[in-house]
Structures are given as C-alpha cells and as structure tokens.
Amino acid sequence: MLSRRSQGFTLIELIMVIVVMAILTIGIGRFVSLGTEGYLQTRDREQLQSQARFAVERISRELRDAVPNSLEITSDGQCLAFKPIQYNGDYVNPSLTNIDVITGFITQTIAPQFQSEMILVINPHKAQDFDGVSDQAAKVKAINKGTESNQWQFELDGQHRFGSGSLAQRFYVYTHSVKFCIESNSLTRMTINNSGIESQPILLAQYIDTNLSAFELDNAALARSALVAWQLTFTRNGETSRYNHTVQVMNAP
C-alpha cells in the first residue's frame, strides 16, 4: 500500500485547481483591463480638454487685438478672419483732406518699425474700408520720429483724402490678416499679408467635429462692441467635449 506522502493529486483535484486558477486569472485580467481602459479614457479626456483650453485661449487673446470692424466669418461659419493691430494711437492732424502724413501718438511704448505692406486705417465700418484704395485706408511708405515724445509720423504713399474721421481721433496700422478655420476635423491658423499671399496653415487642435463646430459674429452696435462666439466640439474614442465661448472685441473706431 502506498503511503499518503507518495500519493499524487487525483484528476478531480487537478481539474478543480485549473478551474479555480482560470476564474482567478479572468477576474484579475478583467480588473487590469478596466483599469487600463479607465486610464486611456482619462488620458483622452484630458488631451481633448487641453486642446480646447489652448484653442479658446489662443483665439480669445488674438481677438483682443483685432482692428475694429475687421472681423469676417464665412457663410458656413467655418472660418473667422480679422486684421490684428500692429500699431494704434491718436492722430493730431487738423484735417484729413489731401494729406500725405498722419501724425500721432501711439499707445505702444516701443518705437514703431516700418514694414512692407503696412496699411493705416481711420474710422473703418465695413469690409471695403480695409481696401488699400478705399477712402478710409492708405498704404504707409515710411515712419519718422515726430517733434514730441512718443509722437510719430506715418508717411503715406501719396496725398490721400479720408472719407471720414474718428470721433476719438484714433488710427490703426496693420500688415496682415489672421484666419482661423475649422476643416478636416482640425482647427488651423494662417496669416494673409496685404498682398493676398497666404502662409501655410498651422495646426492648433485636432479631433473636432466640423458638423457641430462653428463661428458666429454679432457686429458692433451703438451700445456695445462686436461679439464673436464659437462652438467647438471635440470627439475622440467615444469621448465628447463641447465648448461654447464668446469674446467682446473692445477696440472701437
């Protein structure tokens, strides 16, 4: 007779051990799988929120420096364009008729630097006012120091007659336009100089649902400045985040 020490496991005992180990393995694997899925979902959600915060902050900051009434939105609401302020200030010209120099005090503390394609605009109210040949805008060909502190002379490319002046005697100088577009499930930014040459689009955000994202513009009224609103919907791996934001463009002509 064999002693108990020399006896092995019975077939039933082996089967029971295998079954128990299988159950434990499945349970542990499911636990690890749930933890991994939770981590991936949290990571995707954080990435979407980070992109959204960056996009909202980037657009908001740039809109604060938009030349008044230069904002345009395409008919489908997918693109927003505006002209960022390069320099602005208060002119002191007693008349805006047949002049070739705008003399004024700029708000920036640094000395203005001349750049090609510079355009100076006074009292713009419609898109046509930003045309280089309009009666509200003129091309700048040189910038010279004025006779007083922080006073500068913006030399125009010829005699110009401005159609109307600014009640606050403000002028704005810009060199290009900025354009944000929602296309191909992405948000991009490009610049367009005053000759119409576009830069390569820069990717700002991905995973955008273009069907649920758009820009809206409420133009300036007598009692307030222009309002720009946009809705961005981000979707990735079943995670969806929707952001609605409105910015008031404070600059006034």
# chains A, B, ... in the order shown; residues from 1 in each chain; ligands from 1
$ residues_around --residues "stretch 229-243 of chain A" --least-positions-apart "6" --cutoff "6 Å" --atoms "only C-alpha atoms" --output "CSV table (one decimal) with N, CA, C and O atoms, in the first residue's frame"
chain,number,residue,atom,x,y,z
A,207,TYR,N,-9.3,66.4,-33.7
A,207,TYR,CA,-10.5,65.7,-33.3
A,207,TYR,C,-11.7,66.6,-33.1
A,207,TYR,O,-12.5,66.4,-32.2
A,208,ILE,N,-11.9,67.5,-34.0
A,208,ILE,CA,-13.0,68.4,-33.9
A,208,ILE,C,-14.1,67.9,-34.9
A,208,ILE,O,-13.9,67.6,-36.0
A,209,ASP,N,-15.3,67.9,-34.4
A,209,ASP,CA,-16.5,67.5,-35.2
A,209,ASP,C,-16.9,68.8,-35.9
A,209,ASP,O,-17.5,69.7,-35.4
A,212,LEU,N,-20.5,70.0,-35.8
A,212,LEU,CA,-21.0,70.6,-34.6
A,212,LEU,C,-20.2,71.8,-34.1
A,212,LEU,O,-20.3,72.1,-32.9
A,213,SER,N,-19.4,72.3,-35.0
A,213,SER,CA,-18.5,73.4,-34.6
A,213,SER,C,-18.6,74.5,-35.6
A,213,SER,O,-18.7,74.3,-36.8
A,214,ALA,N,-18.6,75.8,-35.1
A,214,ALA,CA,-18.7,76.9,-36.0
A,214,ALA,C,-18.4,78.2,-35.3
A,214,ALA,O,-18.4,78.3,-34.0
A,215,PHE,N,-18.2,79.3,-36.0
A,215,PHE,CA,-18.0,80.6,-35.5
A,215,PHE,C,-19.3,81.4,-35.8
A,215,PHE,O,-20.0,81.2,-36.8
A,216,GLU,N,-19.5,82.4,-35.0
A,216,GLU,CA,-20.7,83.3,-35.2
A,216,GLU,C,-20.2,84.8,-34.8
A,216,GLU,O,-19.4,85.0,-33.9
$ select_by_dssp --residues "stretch 13-121 of chain A" --states "strand (DSSP E or B)" --output "list in words"
Ala66, Glu72, Ile73, Cys79, Leu80, Ala81, Phe82, Pro84, Tyr87, Asn88, Gly89, Asp90, Tyr91, Ile99, Asp100, Val101, Ile102, Thr103, Gly104, Phe105, Ile106, Ile119, Leu120 and Val121 of chain A
$ write_last_selection --atoms "N, CA and C atoms" --output "CSV table (one decimal), in the first residue's frame"
chain,number,residue,atom,x,y,z
A,66,ALA,N,-7.8,92.9,-32.4
A,66,ALA,CA,-8.3,93.0,-33.7
A,66,ALA,C,-8.7,94.5,-34.0
A,72,GLU,N,-14.5,89.1,-40.1
A,72,GLU,CA,-15.4,88.5,-41.1
A,72,GLU,C,-15.5,87.0,-40.9
A,73,ILE,N,-16.7,86.4,-41.1
A,73,ILE,CA,-16.9,85.0,-41.0
A,73,ILE,C,-17.5,84.5,-42.3
A,79,CYS,N,-14.9,79.6,-40.9
A,79,CYS,CA,-13.6,80.4,-40.8
A,79,CYS,C,-13.9,81.7,-40.3
A,80,LEU,N,-13.0,82.2,-39.5
A,80,LEU,CA,-13.0,83.6,-38.9
A,80,LEU,C,-11.7,84.3,-39.3
A,81,ALA,N,-11.9,85.5,-39.8
A,81,ALA,CA,-10.7,86.3,-40.2
A,81,ALA,C,-10.8,87.7,-39.7
A,82,PHE,N,-9.7,88.3,-39.4
A,82,PHE,CA,-9.6,89.6,-38.8
A,82,PHE,C,-8.2,90.2,-39.0
A,84,PRO,N,-5.1,91.9,-37.2
A,84,PRO,CA,-4.6,92.3,-35.9
A,84,PRO,C,-3.9,93.7,-36.0
A,87,TYR,N,0.1,98.7,-34.9
A,87,TYR,CA,0.2,99.9,-34.1
A,87,TYR,C,-1.1,100.7,-34.1
A,88,ASN,N,-1.3,101.4,-33.0
A,88,ASN,CA,-2.5,102.2,-33.0
A,88,ASN,C,-2.2,103.4,-32.1
A,89,GLY,N,-3.0,104.4,-32.3
A,89,GLY,CA,-2.8,105.6,-31.5
A,89,GLY,C,-3.8,106.7,-31.8
A,90,ASP,N,-3.5,107.9,-31.4
A,90,ASP,CA,-4.4,109.1,-31.7
A,90,ASP,C,-3.7,110.1,-32.6
A,91,TYR,N,-4.3,110.4,-33.7
A,91,TYR,CA,-3.7,111.4,-34.6
A,91,TYR,C,-4.0,112.8,-34.2
A,99,ILE,N,-3.8,114.9,-47.5
A,99,ILE,CA,-2.6,114.9,-46.7
A,99,ILE,C,-1.8,113.7,-47.1
A,100,ASP,N,-0.5,113.7,-46.8
A,100,ASP,CA,0.4,112.6,-47.1
A,100,ASP,C,1.1,112.1,-45.9
A,101,VAL,N,0.8,112.6,-44.7
A,101,VAL,CA,1.4,112.2,-43.5
A,101,VAL,C,0.3,112.2,-42.4
A,102,ILE,N,0.2,111.1,-41.6
A,102,ILE,CA,-0.6,111.1,-40.4
A,102,ILE,C,0.3,111.2,-39.2
A,103,THR,N,0.2,112.3,-38.4
A,103,THR,CA,1.0,112.5,-37.2
A,103,THR,C,0.2,112.1,-36.0
A,104,GLY,N,0.8,111.3,-35.1
A,104,GLY,CA,0.0,110.9,-34.0
A,104,GLY,C,0.9,110.3,-32.9
A,105,PHE,N,0.3,110.1,-31.8
A,105,PHE,CA,0.9,109.4,-30.6
A,105,PHE,C,0.4,108.0,-30.5
A,106,ILE,N,1.4,107.1,-30.6
A,106,ILE,CA,1.0,105.7,-30.5
A,106,ILE,C,0.9,105.2,-29.0
A,119,ILE,N,-0.7,99.2,-43.8
A,119,ILE,CA,-1.8,100.0,-44.2
A,119,ILE,C,-2.3,100.7,-42.9
A,120,LEU,N,-2.6,101.9,-43.1
A,120,LEU,CA,-3.2,102.7,-42.0
A,120,LEU,C,-4.7,103.0,-42.3
A,121,VAL,N,-5.5,102.8,-41.3
A,121,VAL,CA,-7.0,102.9,-41.5
A,121,VAL,C,-7.5,103.8,-40.4
$ residues_around --residues "stretch 123-135 of chain A" --least-positions-apart "2" --cutoff "6 Å" --atoms "only C-alpha atoms" --output "PyMOL selection string"
chain A and resi 69+137-138+162-163+165-166+253
$ write_last_selection --atoms "C-alpha atoms" --output "mmCIF file, in the first residue's frame"
data_model
loop_
_atom_site.group_PDB
_atom_site.id
_atom_site.type_symbol
_atom_site.label_atom_id
_atom_site.label_comp_id
_atom_site.auth_asym_id
_atom_site.auth_seq_id
_atom_site.Cartn_x
_atom_site.Cartn_y
_atom_site.Cartn_z
ATOM 1 C CA ASN A 69 -14.900 96.104 -37.686
ATOM 2 C CA ALA A 137 -7.280 103.369 -45.648
ATOM 3 C CA ALA A 138 -3.911 104.282 -47.109
ATOM 4 C CA PHE A 162 -10.030 110.206 -45.829
ATOM 5 C CA GLY A 163 -13.784 109.939 -46.208
ATOM 6 C CA GLY A 165 -12.530 110.925 -39.328
ATOM 7 C CA SER A 166 -12.701 109.157 -35.994
ATOM 8 C CA PRO A 253 -13.037 103.088 -34.408
#
$ atom_distance --atom1 "atom CA of A:Trp152" --atom2 "atom CA of A:His176"
21.1 Å
$ atom_distance --atom1 "atom CA of A:Lys139" --atom2 "atom CA of A:Ile122"
12.0 Å
$ closest_residue --among "A:Ser164, A:Asn219, A:Asn251, A:Gln206" --to "A:Ser184" --atoms "only C-alpha atoms"
A:Gln206
$ closest_residue --among "A:Ile192, A:Met250, A:Leu24, A:Leu96" --to "A:Gln169" --atoms "only C-alpha atoms"
A:Leu96
$ residues_around --residues "A:Ile197" --least-positions-apart "3" --cutoff "12 Å" --atoms "only C-alpha atoms" --output "ChimeraX atom specification"
/A:117,175-178,190-194,200
$ atom_distance --atom1 "atom CA of A:Thr147" --atom2 "atom CA of A:Pro68"
28.6 Å
